[in-house]
Structures are given as C-alpha cells and as structure tokens.
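Shown next: model.cif, given as mmCIF, C-alpha atoms.
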data_target
#
loop_
_atom_site.label_atom_id
_atom_site.label_comp_id
_atom_site.auth_asym_id
_atom_site.auth_seq_id
_atom_site.Cartn_x
_atom_site.Cartn_y
_atom_site.Cartn_z
CA MET A 16 -19.28 19.66 -18.90
CA GLU A 17 -19.37 15.88 -19.47
CA LEU A 18 -16.97 16.23 -22.42
CA LYS A 19 -14.59 18.27 -20.26
CA ARG A 20 -14.66 15.62 -17.54
CA LYS A 21 -13.97 12.83 -20.05
CA LEU A 22 -11.12 14.80 -21.63
CA GLU A 23 -9.61 15.48 -18.21
CA SER A 24 -9.89 11.80 -17.31
CA TRP A 25 -8.30 10.78 -20.63
CA LEU A 26 -5.39 13.21 -20.31
CA PHE A 27 -4.53 13.15 -16.61
CA TYR A 28 -6.07 10.08 -14.96
CA GLY A 29 -5.46 7.22 -17.38
CA GLY A 30 -9.07 7.18 -18.56
CA ILE A 31 -10.42 6.22 -15.10
CA GLU A 32 -12.04 8.17 -12.27
CA LYS A 33 -9.83 10.65 -10.41
CA ASP A 34 -10.42 9.01 -7.01
CA SER A 35 -9.52 5.56 -8.36
CA PHE A 36 -6.42 7.02 -10.02
CA GLU A 37 -5.23 8.57 -6.76
CA HIS A 38 -5.87 5.39 -4.73
CA VAL A 39 -3.45 3.34 -6.81
CA GLN A 40 -0.63 5.87 -7.11
CA THR A 41 1.60 4.14 -4.55
CA ALA A 42 1.44 0.84 -6.44
CA VAL A 43 1.91 2.65 -9.76
CA ARG A 44 5.01 4.47 -8.48
CA GLU A 45 6.55 1.20 -7.30
CA SER A 46 5.82 -0.40 -10.67
CA ASN A 47 7.30 2.55 -12.58
CA LEU A 48 10.46 2.55 -10.47
CA ARG A 49 11.00 -1.15 -11.19
CA ALA A 50 10.34 -0.55 -14.89
CA LEU A 51 12.78 2.37 -14.96
CA LYS A 52 15.52 0.22 -13.39
CA HIS A 53 14.99 -2.68 -15.77
CA TRP A 54 14.47 -0.67 -18.94
CA SER A 55 17.48 1.56 -18.32
CA VAL A 56 19.68 -1.55 -18.07
CA LEU A 57 18.15 -3.30 -21.10
CA VAL A 58 18.25 -0.23 -23.32
CA SER A 59 21.81 0.55 -22.16
CA LEU A 60 22.89 -2.88 -23.37
CA PHE A 61 21.13 -2.25 -26.67
CA TRP A 62 22.85 1.12 -27.21
CA LEU A 63 26.19 -0.37 -26.19
CA TYR A 64 25.77 -3.12 -28.76
CA CYS A 65 24.87 -0.55 -31.42
CA LEU A 66 27.88 1.59 -30.50
CA LEU A 67 30.27 -1.35 -30.73
CA MET A 68 28.70 -2.38 -34.04
CA SER A 69 29.18 1.15 -35.42
CA LEU A 70 32.90 0.94 -34.70
CA LYS A 71 33.23 -1.99 -37.10
CA ALA A 72 30.60 -1.12 -39.70
CA ALA A 73 31.31 1.99 -41.72
CA ASP A 74 27.66 2.31 -42.74
CA TYR A 75 26.73 3.02 -39.12
CA ALA A 76 29.45 5.58 -38.38
CA LEU A 77 27.00 8.48 -38.74
CA CYS A 78 24.84 6.94 -36.01
CA ARG A 79 27.71 6.82 -33.53
CA PRO A 80 26.89 10.15 -31.80
CA ALA A 81 23.25 9.12 -31.35
CA TYR A 82 24.34 5.79 -29.86
CA ALA A 83 26.81 7.43 -27.49
CA VAL A 84 24.41 10.11 -26.24
CA ALA A 85 21.55 7.63 -25.80
CA LEU A 86 23.85 5.23 -23.90
CA GLY A 87 24.98 8.04 -21.60
CA CYS A 88 21.37 9.02 -20.89
CA CYS A 89 20.44 5.43 -20.02
CA VAL A 90 23.42 5.02 -17.69
CA LEU A 91 22.55 8.31 -16.02
CA THR A 92 18.95 7.12 -15.59
CA TRP A 93 20.09 3.85 -14.00
CA LEU A 94 22.35 5.74 -11.59
CA SER A 95 19.37 7.91 -10.66
CA THR A 96 17.31 4.84 -9.77
CA ARG A 97 20.08 3.65 -7.45
CA PHE A 98 21.13 6.87 -5.73
CA LEU A 99 18.82 9.82 -6.46
CA ILE A 100 15.24 8.48 -6.44
CA PRO A 101 15.61 6.52 -3.13
CA ARG A 102 16.60 9.81 -1.47
CA VAL A 103 14.32 12.10 -3.49
CA PRO A 104 11.18 10.14 -4.48
CA GLN A 105 9.83 13.18 -6.33
CA ALA A 106 12.63 12.71 -8.88
CA LEU A 107 10.93 9.62 -10.33
CA GLY A 108 8.66 11.61 -12.65
CA PRO A 109 11.46 13.76 -14.17
CA CYS A 110 13.67 10.67 -14.55
CA MET A 111 10.91 8.83 -16.40
CA PHE A 112 10.43 11.89 -18.64
CA PHE A 113 14.19 12.14 -19.31
CA PHE A 114 14.50 8.42 -20.12
CA ARG A 115 11.56 8.40 -22.52
CA LEU A 116 12.83 11.54 -24.25
CA SER A 117 16.30 10.01 -24.61
CA LEU A 118 14.77 6.86 -26.11
CA LEU A 119 12.83 8.92 -28.63
CA GLY A 120 15.87 11.06 -29.39
CA GLY A 121 18.14 8.08 -29.91
CA GLY A 122 15.60 6.37 -32.12
CA ILE A 123 15.10 9.50 -34.22
CA GLY A 124 18.88 9.89 -34.55
CA ILE A 125 19.20 6.34 -35.86
CA ALA A 126 16.29 6.86 -38.24
CA MET A 127 18.02 9.85 -39.80
CA CYS A 128 21.23 7.87 -40.37
CA GLN A 129 19.82 4.53 -41.46
CA TRP A 130 17.85 5.39 -44.58
CA ASN A 131 16.70 1.79 -45.18
CA VAL A 132 14.90 1.41 -41.82
CA ARG A 133 13.87 4.99 -41.13
CA SER A 134 10.12 4.44 -40.98
CA LEU A 135 10.41 1.23 -38.98
CA THR A 136 12.77 2.80 -36.43
CA MET A 137 10.69 5.94 -35.91
CA PHE A 138 7.50 3.93 -35.67
CA ALA A 139 9.07 1.58 -33.11
CA VAL A 140 10.29 4.30 -30.75
CA ALA A 141 7.07 6.32 -31.09
CA ILE A 142 4.96 3.29 -30.19
CA VAL A 143 7.20 1.86 -27.45
CA SER A 144 7.88 5.11 -25.60
CA PRO A 145 4.32 5.72 -24.25
CA SER A 146 4.00 2.04 -23.23
CA ILE A 147 7.08 1.62 -21.03
CA PHE A 148 5.56 3.13 -17.89
CA VAL A 149 2.12 3.28 -16.34
CA ASP A 150 1.62 6.96 -16.96
CA SER A 151 -0.96 9.56 -17.90
CA THR A 152 -1.64 10.49 -21.50
CA ALA A 153 -0.69 14.08 -20.74
CA MET A 154 2.88 13.03 -19.97
CA SER A 155 3.10 11.13 -23.28
CA VAL A 156 1.84 14.22 -25.09
CA VAL A 157 4.49 16.37 -23.40
CA VAL A 158 7.30 13.90 -24.16
CA HIS A 159 6.38 13.63 -27.83
CA PHE A 160 5.83 17.38 -28.13
CA VAL A 161 9.33 18.08 -26.76
CA ALA A 162 10.79 15.42 -29.08
CA VAL A 163 9.13 17.05 -32.10
CA LEU A 164 10.27 20.48 -30.93
CA LEU A 165 13.89 19.31 -30.55
CA TYR A 166 13.73 17.67 -33.97
CA MET A 167 12.51 20.93 -35.52
CA MET A 168 15.19 23.01 -33.76
CA LEU A 169 18.20 20.73 -34.16
CA GLY A 170 17.35 18.72 -37.28
CA ARG A 171 17.01 21.68 -39.65
CA SER A 172 20.74 22.40 -39.59
CA VAL A 173 22.05 18.83 -39.89
CA ILE A 174 19.44 16.93 -41.94
CA GLU A 175 18.91 17.27 -45.66
CA PRO A 176 15.76 19.28 -46.47
CA ASP A 177 13.84 16.42 -48.10
CA VAL A 178 14.73 14.01 -45.30
CA TYR A 179 13.97 16.69 -42.69
CA ALA A 180 10.45 17.26 -44.01
CA TRP A 181 9.82 13.53 -44.35
CA GLY A 182 11.12 12.88 -40.84
CA LEU A 183 9.01 15.62 -39.27
CA GLY A 184 5.83 14.38 -40.89
CA ASN A 185 6.49 10.80 -39.92
CA LEU A 186 7.45 11.75 -36.36
CA VAL A 187 4.21 13.68 -35.83
CA LEU A 188 2.10 10.91 -37.38
CA PHE A 189 3.79 8.11 -35.44
CA SER A 190 3.66 10.11 -32.23
CA VAL A 191 -0.11 10.43 -32.54
CA PHE A 192 -0.38 6.66 -33.07
CA GLY A 193 1.96 6.05 -30.14
CA ILE A 194 -0.02 8.30 -27.80
CA LEU A 195 -3.32 6.66 -28.73
CA ILE A 196 -1.94 3.13 -28.35
CA GLY A 197 -0.15 4.05 -25.13
CA ASN A 198 -3.37 5.52 -23.74
CA ALA A 199 -5.28 2.30 -24.43
CA ILE A 200 -2.54 0.19 -22.82
CA ASN A 201 -2.23 2.42 -19.77
CA LYS A 202 -5.99 2.61 -19.28
CA GLU A 203 -6.06 -1.19 -19.08
CA ARG A 204 -3.11 -1.12 -16.65
CA PHE A 205 -4.77 1.43 -14.39
CA GLU A 206 -7.97 -0.61 -14.40
CA ARG A 207 -5.98 -3.68 -13.32
CA TYR A 208 -4.42 -1.71 -10.48
CA VAL A 209 -7.85 -0.44 -9.40
CA PHE A 210 -9.20 -4.01 -9.53
CA ALA A 211 -6.25 -5.27 -7.48
CA ASP A 212 -6.74 -2.44 -4.98
CA SER A 213 -10.44 -3.29 -4.65
CA ALA A 214 -9.65 -6.99 -4.28
CA THR A 215 -7.14 -6.21 -1.53
CA LYS A 216 -9.65 -4.04 0.31
CA LEU A 217 -12.29 -6.76 -0.03
CA ALA A 218 -9.89 -9.36 1.34
CA ASP A 219 -9.00 -7.07 4.24
CA MET A 220 -12.68 -6.48 4.94
CA ARG A 221 -13.43 -10.21 4.88
CA HIS A 222 -10.52 -10.82 7.22
CA LYS A 223 -11.75 -8.10 9.54
CA PHE A 224 -15.25 -9.54 9.63
CA ALA A 225 -13.86 -13.04 10.22
CA TYR A 226 -11.38 -12.24 12.98
CA TYR A 227 -12.41 -8.90 14.49
CA ASP A 228 -15.31 -7.84 16.65
CA GLN A 229 -17.22 -5.28 14.63
CA MET A 230 -18.38 -3.30 17.65
CA THR A 231 -15.08 -2.76 19.48
CA GLY A 232 -12.47 -3.44 16.81
CA LEU A 233 -10.75 -5.98 19.07
CA LYS A 234 -10.13 -9.52 17.84
CA ASN A 235 -13.04 -11.92 18.26
CA ARG A 236 -13.54 -15.39 19.73
CA ARG A 237 -12.58 -17.10 16.48
CA ALA A 238 -9.23 -15.34 16.48
CA TYR A 239 -8.82 -16.18 20.18
CA SER A 240 -9.53 -19.88 19.58
CA GLU A 241 -7.06 -20.10 16.70
CA ARG A 242 -4.41 -18.27 18.74
CA LEU A 243 -4.88 -20.70 21.64
CA GLU A 244 -4.61 -23.61 19.23
CA ARG A 245 -1.26 -22.32 17.98
CA LEU A 246 -0.01 -21.70 21.51
CA SER A 247 -1.09 -25.19 22.55
CA LYS A 248 1.48 -26.57 20.08
CA ALA A 249 4.28 -24.17 21.03
CA LEU A 250 3.70 -22.08 24.16
CA THR A 251 5.50 -18.75 24.12
CA ARG A 252 7.24 -18.09 27.43
CA PRO A 253 6.74 -16.01 29.41
CA CYS A 254 2.98 -16.06 28.87
CA CYS A 255 0.06 -14.57 30.80
CA VAL A 256 -3.69 -14.64 30.25
CA VAL A 257 -5.89 -11.84 31.60
CA MET A 258 -9.62 -12.55 31.62
CA ILE A 259 -11.85 -9.48 31.99
CA ASP A 260 -15.58 -9.20 32.64
CA VAL A 261 -17.67 -6.03 32.87
CA ASN A 262 -19.57 -5.68 36.14
CA GLY A 263 -23.17 -4.52 36.01
CA LEU A 264 -23.80 -4.69 32.26
CA LYS A 265 -27.26 -6.25 32.66
CA GLN A 266 -28.26 -3.66 35.27
CA MET A 267 -27.00 -0.91 32.98
CA ASN A 268 -29.05 -2.22 30.06
CA ASP A 269 -32.16 -2.57 32.25
CA SER A 270 -31.88 0.82 33.95
CA ARG A 271 -30.43 3.12 31.26
CA GLY A 272 -31.03 1.25 28.05
CA HIS A 273 -28.87 -0.64 25.58
CA ALA A 274 -27.17 2.55 24.35
CA ALA A 275 -25.59 2.91 27.79
CA GLY A 276 -24.71 -0.79 27.80
CA ASP A 277 -23.03 -0.45 24.39
CA GLU A 278 -21.09 2.54 25.65
CA LEU A 279 -19.93 0.43 28.61
CA ILE A 280 -18.62 -2.24 26.21
CA LEU A 281 -16.90 0.33 24.01
CA GLY A 282 -15.42 2.04 27.07
CA THR A 283 -14.01 -1.28 28.28
CA ALA A 284 -12.31 -1.89 24.92
CA GLU A 285 -10.89 1.63 25.01
CA CYS A 286 -9.51 1.09 28.52
CA ILE A 287 -7.93 -2.23 27.51
CA ARG A 288 -6.13 -0.57 24.62
CA ALA A 289 -4.90 2.20 26.92
CA ALA A 290 -3.67 -0.19 29.62
CA PHE A 291 -2.03 -2.64 27.20
CA PRO A 292 -0.96 -0.43 24.25
CA GLU A 293 1.58 -2.92 22.91
CA ALA A 294 -0.57 -6.03 23.27
CA GLU A 295 -1.50 -7.45 19.87
CA ASP A 296 -3.69 -10.18 21.37
CA ALA A 297 -6.66 -8.35 22.89
CA TYR A 298 -10.03 -10.03 22.36
CA ARG A 299 -13.72 -9.54 22.95
CA LEU A 300 -14.92 -13.09 23.52
CA GLY A 301 -18.60 -12.12 23.46
CA GLY A 302 -21.05 -10.06 25.48
CA ASP A 303 -19.14 -8.47 28.36
CA GLU A 304 -16.18 -10.91 28.32
CA PHE A 305 -12.71 -9.83 27.20
CA CYS A 306 -9.26 -11.38 27.21
CA VAL A 307 -5.68 -10.22 26.78
CA LEU A 308 -2.76 -12.57 26.03
CA LEU A 309 0.61 -11.19 27.13
CA THR A 310 4.18 -12.37 26.53
CA GLU A 311 5.50 -11.17 29.89
CA ASN A 312 5.83 -12.46 33.43
CA ALA A 313 3.06 -12.37 36.03
CA SER A 314 4.40 -9.37 37.96
CA SER A 315 4.55 -7.19 34.82
CA ALA A 316 1.10 -8.37 33.76
CA GLN A 317 -0.29 -7.55 37.22
CA VAL A 318 0.96 -3.99 36.83
CA GLY A 319 -1.01 -3.78 33.59
CA VAL A 320 -4.14 -5.14 35.29
CA THR A 321 -3.81 -2.53 38.07
CA VAL A 322 -3.44 0.21 35.44
CA LEU A 323 -6.48 -1.15 33.60
CA GLU A 324 -8.68 -1.06 36.72
CA ARG A 325 -7.58 2.50 37.50
CA ILE A 326 -8.17 3.72 33.93
CA ALA A 327 -11.58 2.02 33.90
CA ARG A 328 -12.68 3.67 37.15
CA ASP A 329 -11.76 7.10 35.75
CA TRP A 330 -13.25 6.52 32.29
CA LYS A 331 -16.15 8.78 31.34
CA GLY A 332 -18.58 8.50 28.47
CA GLU A 333 -21.70 10.40 27.51
CA LEU A 334 -24.04 8.02 29.36
CA VAL A 335 -21.65 6.12 31.64
CA GLN A 336 -19.31 7.44 34.31
CA GLY A 337 -16.66 4.86 35.16
CA VAL A 338 -16.36 1.17 34.33
CA SER A 339 -16.16 -1.62 36.91
CA LEU A 340 -14.17 -4.67 35.81
CA ALA A 341 -13.54 -8.09 37.26
CA CYS A 342 -10.10 -9.36 36.22
CA GLY A 343 -8.42 -12.73 36.54
CA LEU A 344 -4.71 -13.27 35.83
CA ALA A 345 -2.82 -16.52 35.31
CA SER A 346 0.64 -17.24 33.92
CA ASP A 347 2.75 -20.15 32.72
CA ALA A 348 3.87 -20.53 36.34
CA ASP A 349 0.33 -21.73 37.15
CA ALA A 350 0.05 -24.43 34.48
CA GLU A 351 2.00 -26.11 31.70
CA ASN A 352 -0.36 -25.54 28.77
CA ILE A 353 -2.27 -22.55 27.51
CA GLU A 354 -5.73 -24.11 27.94
CA GLU A 355 -5.13 -24.63 31.66
CA ILE A 356 -3.67 -21.14 32.04
CA ALA A 357 -6.78 -19.64 30.39
CA LYS A 358 -9.07 -21.79 32.57
CA ILE A 359 -7.32 -20.65 35.77
CA ALA A 360 -7.52 -17.00 34.65
CA ASP A 361 -11.23 -17.47 33.95
CA GLN A 362 -11.82 -18.97 37.42
CA ARG A 363 -9.97 -16.10 39.09
CA MET A 364 -12.00 -13.60 37.10
CA TYR A 365 -15.26 -15.16 38.32
CA GLU A 366 -13.94 -15.15 41.89
CA ALA A 367 -13.26 -11.42 41.56
CA LYS A 368 -16.72 -10.94 40.11
CA ARG A 369 -18.36 -12.80 43.02
CA GLU A 370 -16.41 -10.69 45.51
CA HIS A 371 -17.51 -7.53 43.73
CA TYR A 372 -21.21 -8.43 43.97
CA ALA A 373 -20.90 -9.82 47.51
CA SER A 374 -19.33 -6.57 48.71
CA ARG A 375 -22.41 -4.72 47.43
CA GLY A 376 -24.94 -7.20 48.78
CA PHE A 377 -26.14 -8.29 45.32
CA ASP A 378 -27.09 -11.74 44.22
CA ARG A 379 -24.27 -12.81 41.82
CA ARG A 380 -26.82 -14.18 39.35
CA ARG A 381 -28.30 -10.70 38.81
CA ARG A 382 -25.70 -9.07 36.65
#
Output the file's structure as structure tokens, nothing else.
Amino acid sequence: MELKRKLESWLFYGGIEKDSFEHVQTAVRESNLRALKHWSVLVSLFWLYCLLMSLKAADYALCRPAYAVALGCCVLTWLSTRFLIPRVPQALGPCMFFFRLSLLGGGIGIAMCQWNVRSLTMFAVAIVSPSIFVDSTAMSVVVHFVAVLLYMMLGRSVIEPDVYAWGLGNLVLFSVFGILIGNAINKERFERYVFADSATKLADMRHKFAYYDQMTGLKNRRAYSERLERLSKALTRPCCVVMIDVNGLKQMNDSRGHAAGDELILGTAECIRAAFPEAEDAYRLGGDEFCVLLTENASSAQVGVTVLERIARDWKGELVQGVSLACGLASDADAENIEEIAKIADQRMYEAKREHYASRGFDRRRR
C-alpha cells in the first residue's frame, strides 16, 4: 500500500503529497502559461533560424521539412496562448502536451538528418522536454511514449534500417533519462511552490493576528490607530466616525455567564457587518467598544446607524435575544481633524449610553 502511494505521488503529484499538489495548482498554471508563451516564441525563433540556414546550406536540406513543421507548431502554440487559452483555460494542458511533442518531433527529425550530431540532438530534446513546464511525471511519460510511437510508425518507411534501429534505441534510452531528470527538477519546483504557499499563508496569518480581532474578525485597535494616523495626515472627505458601545454587557456576564456575554459581542459584530456591508473600516476597539469609519456624509451615516440599531434589536442568538447599542456619530462638519471627530463621536456615544441607563433607572457605573 505504501509503495502504491509513493508511485502515485511520483507519477501524478510531482513527488509531493496530493493535498499540497492541489493547493499550488493555481500558481503552477500561471507559471506554465508564462513558460508556454516564452518558450513558444524562443523556439519559434530557433526553428526559423534553422529553416533559413537550410535554404543556404545543402547539407541541411533534408531537415527542412522538420524545421518547417516544428516552426508551424510553435507559432500555433503561441497563437493559442494569446487567443484560445484566455477564453478556454482548460486548453492549457493540451497545448503544453502539443508543444512538448512538437519539440521532441522536431528534434528527432533533425537527429535523423544530421548524422554527425544525432546523439547530441536526441539527448538534448529528450532532457529539455520534461523540464520546460512544472508538470507531473505521468504527462512526461505520455509525451515520450507518443513520441516513440510516432517514431516507430512513421520512421520505419523513411529512415534507413540501421539508423532506424539506432534511433529507436537511443530515443527510448534518452527518454528514460529525460523523465527521471525532469521528475527530480519538477519535484524541487513543486516543493518551492508549496513552501511559497505556506509562507504566504503564514504571512497572512501573522497579519490577521496583528490587525484583526480574533474573536469577531473585525479589525482591532492597532489597525484603528494606524488608520487614524494616516487620516490625520490626509483626511478623506466626506468622513464620519461611528462609535458603538454594547449596553448591559457586564450585567449579561454576571447574570447569564461569559458565554452569553461573548455571544453578545459576536452578535454586535454581526449586526455591524449587516448594517454597513460596504464599510472596510469596522473595528472592535476592545471589550464592548466598536467603531466604524465611513467615507460618506452625516445624513447617510445616520441612516446606517438607524439600520444598525434596528438590526441589533431584532438580532437573536442561542443565549441572547436582541442587542442594545449606544451609538455616537460625528462627521468632518463637526471638526477639522480626524482625532477631534473621533473624540466627538465618543462623547456622543457616552451621552447615548447615559440616557439609556437613566431611562431604566440604573446607575451608569453598573454596566
């Protein structure tokens, strides 16, 4: 069973774990598309040079058909990268297969015509072909198998028997070397992609821990402070600050336990997202304090605050039925700088909170 798993990994997943292989496929596809564009141009120029050379050198006249066909295949591949693959992404795999097969075919054609560099040419194309793209070993096996099959079917009628047998043996031998070398190279490539993917996830996680509240998923006080610092240098207008405080959190914790209090906090965050769905600057400043920064005028922001209070009253959790919020709103019409706007919004929020407790006959200090 272990041998089967290793063989499957070697053939289909670049020698790495299946899950890791699947995680990096988007990056691998982008890399292969770039490689296909560049290689099709470079190899086209090479075949064009060879074709022009064959027109002047009689010794290379026999290679002319191989040059012409290989050049046509490369041009067709380049056109596919420009017009077909952007519209049909699934065509990338067949185009890579076609290009690699054309490279092998052109190289084999040259090898049959140029007796003095036959081994070198066949070895070069057999080694290079599996290394052009970040691909699975299985695809290299298929490409080389088809190349050998075409050589056996087409070469028998046009190649001298002794050259045919020599060429077939060399092609099989070099293909095996090419597949093994290509597998080692691609395994290292896949591992680099997996490492890069893990590094990106780690960086994202560190960023999330640094700038996001882990309980609610909203941005935290550090993010809020840095945002205010940026706005203090260049205030975006219009600008509004909404300060939000949860009423009765301490009483909820004391009477129903901290699980109910946590649900109250989570419910508040959920209501804020629902009331301000397009706001990117929503923060939990700590405890039961929240803030939303809005790039709109005071009347539009007040509509959002009204919606927030209504959504909060109707919100229902497993332990909590409804959320009571104290909100304070200030805009750039109230002050010239963001610090003053935030301070005014905070004062208005505490005024609303005092009114809430006074209307219920509670001492404001007992939250």
(Q) For range 316-328 of chain A, find every residue with an atom within 12 Å (counting all atoms listed in the file), except residues of its own chain fewer than 4 positions away, and show them as a PyMOL selection string. (A) chain A and resi 253-262+279-294+306-312+332+335-347+364
Q | Pick from A:Thr215, A:Asn268, A:Ser95, A:Asn201 nearest to Phe27 in chain A, counting all atoms listed in the file | A | A:Asn201
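Distance annotation: of A:Asp212, A:Asp277, A:Glu206, A:Glu354, the residue with the minimal separation from Tyr239 in chain A is A:Glu354; atom set is only C-alpha atoms.
Proximity to Lys216 in chain A was assessed for A:Pro101, A:His38, A:Arg20, A:Ser374 counting all atoms listed in the file; the smallest distance is recorded for A:His38.
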Q. What is the distance, in Å and to one decimal place, between CA of Leu94 in chain A and CA of Gly29 in chain A?
A.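 Spanning CA of Leu94 in chain A to CA of Gly29 in chain A is a straight-line distance of 28.4 Å.
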Q. Got a sec to resolve the PyMOL selection byres ((chain A and resi 53) around 12) on this structure and send the residues as a list in words?
A.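 Answer for the PyMOL selection byres ((chain A and resi 53) around 12): Ser46, Asn47, Leu48, Arg49, Ala50, Leu51, Lys52, Trp54, Ser55, Val56, Leu57, Val58, Ser59, Leu60, Cys89, Val90, Thr92, Trp93, Leu94, Thr96, Arg97, Phe114, Ile147 and Phe148 of chain A.
Coordinates place CA of Arg242 in chain A at a distance of 11.3 Å from CA of Glu295 in chain A.
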(Q) Suppose a student applies the PyMOL selection byres ((chain A and resi 42) around 12) to this structure; what residues should they get, written as a PyMOL selection string? (A) chain A and resi 36-41+43-49+149+204-205+207-209+211-212
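Minimum atom-to-atom distance to Ser35 in chain A, evaluated using all atoms listed in the file, belongs to A:Lys202 out of A:Lys19, A:Arg375, A:Lys71, A:Lys202.
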Any chance you could build range 221-247 of chain A out to N, CA and C atoms and write it as a short mmCIF file (atom, residue, chain, number, x, y, z; two decimals), keeping the file's coordinate frame?
data_model
loop_
_atom_site.label_atom_id
_atom_site.label_comp_id
_atom_site.auth_asym_id
_atom_site.auth_seq_id
_atom_site.Cartn_x
_atom_site.Cartn_y
_atom_site.Cartn_z
N ARG A 221 -13.01 -8.85 4.52
CA ARG A 221 -13.43 -10.21 4.88
C ARG A 221 -12.64 -10.71 6.08
N HIS A 222 -11.35 -10.41 6.09
CA HIS A 222 -10.52 -10.82 7.22
C HIS A 222 -10.97 -10.13 8.50
N LYS A 223 -11.31 -8.85 8.37
CA LYS A 223 -11.75 -8.10 9.54
C LYS A 223 -13.06 -8.66 10.08
N PHE A 224 -13.99 -8.98 9.17
CA PHE A 224 -15.25 -9.54 9.63
C PHE A 224 -15.05 -10.93 10.24
N ALA A 225 -14.07 -11.68 9.74
CA ALA A 225 -13.86 -13.04 10.22
C ALA A 225 -13.15 -13.08 11.56
N TYR A 226 -12.24 -12.13 11.81
CA TYR A 226 -11.38 -12.24 12.98
C TYR A 226 -11.47 -11.05 13.94
N TYR A 227 -12.31 -10.08 13.63
CA TYR A 227 -12.41 -8.90 14.49
C TYR A 227 -13.85 -8.65 14.90
N ASP A 228 -14.01 -8.23 16.13
CA ASP A 228 -15.31 -7.84 16.65
C ASP A 228 -15.71 -6.51 16.02
N GLN A 229 -16.83 -6.47 15.37
CA GLN A 229 -17.22 -5.28 14.63
C GLN A 229 -17.57 -4.11 15.52
N MET A 230 -17.97 -4.37 16.76
CA MET A 230 -18.38 -3.30 17.65
C MET A 230 -17.17 -2.58 18.25
N THR A 231 -16.20 -3.36 18.74
CA THR A 231 -15.08 -2.76 19.48
C THR A 231 -13.80 -2.64 18.66
N GLY A 232 -13.69 -3.43 17.59
CA GLY A 232 -12.47 -3.44 16.81
C GLY A 232 -11.41 -4.37 17.37
N LEU A 233 -11.67 -4.98 18.54
CA LEU A 233 -10.75 -5.98 19.07
C LEU A 233 -10.94 -7.30 18.31
N LYS A 234 -9.98 -8.20 18.46
CA LYS A 234 -10.13 -9.52 17.84
C LYS A 234 -11.28 -10.27 18.51
N ASN A 235 -11.85 -11.23 17.76
CA ASN A 235 -13.04 -11.92 18.26
C ASN A 235 -12.70 -13.32 18.79
N ARG A 236 -13.74 -14.06 19.14
CA ARG A 236 -13.54 -15.39 19.73
C ARG A 236 -12.87 -16.34 18.73
N ARG A 237 -13.21 -16.23 17.47
CA ARG A 237 -12.58 -17.10 16.48
C ARG A 237 -11.08 -16.88 16.45
N ALA A 238 -10.66 -15.63 16.46
CA ALA A 238 -9.23 -15.34 16.48
C ALA A 238 -8.59 -15.85 17.77
N TYR A 239 -9.32 -15.71 18.88
CA TYR A 239 -8.82 -16.18 20.18
C TYR A 239 -8.63 -17.71 20.16
N SER A 240 -9.60 -18.42 19.62
CA SER A 240 -9.53 -19.88 19.58
C SER A 240 -8.36 -20.35 18.72
N GLU A 241 -8.16 -19.71 17.57
CA GLU A 241 -7.06 -20.10 16.70
C GLU A 241 -5.71 -19.76 17.33
N ARG A 242 -5.65 -18.64 18.06
CA ARG A 242 -4.41 -18.27 18.74
C ARG A 242 -4.08 -19.28 19.84
N LEU A 243 -5.09 -19.70 20.60
CA LEU A 243 -4.88 -20.70 21.64
C LEU A 243 -4.44 -22.03 21.03
N GLU A 244 -5.00 -22.36 19.89
CA GLU A 244 -4.61 -23.61 19.23
C GLU A 244 -3.13 -23.58 18.83
N ARG A 245 -2.68 -22.43 18.34
CA ARG A 245 -1.26 -22.32 17.98
C ARG A 245 -0.37 -22.38 19.21
N LEU A 246 -0.80 -21.71 20.28
CA LEU A 246 -0.01 -21.70 21.51
C LEU A 246 0.00 -23.07 22.19
N SER A 247 -1.05 -23.85 21.95
CA SER A 247 -1.09 -25.19 22.55
C SER A 247 0.00 -26.08 21.96
#
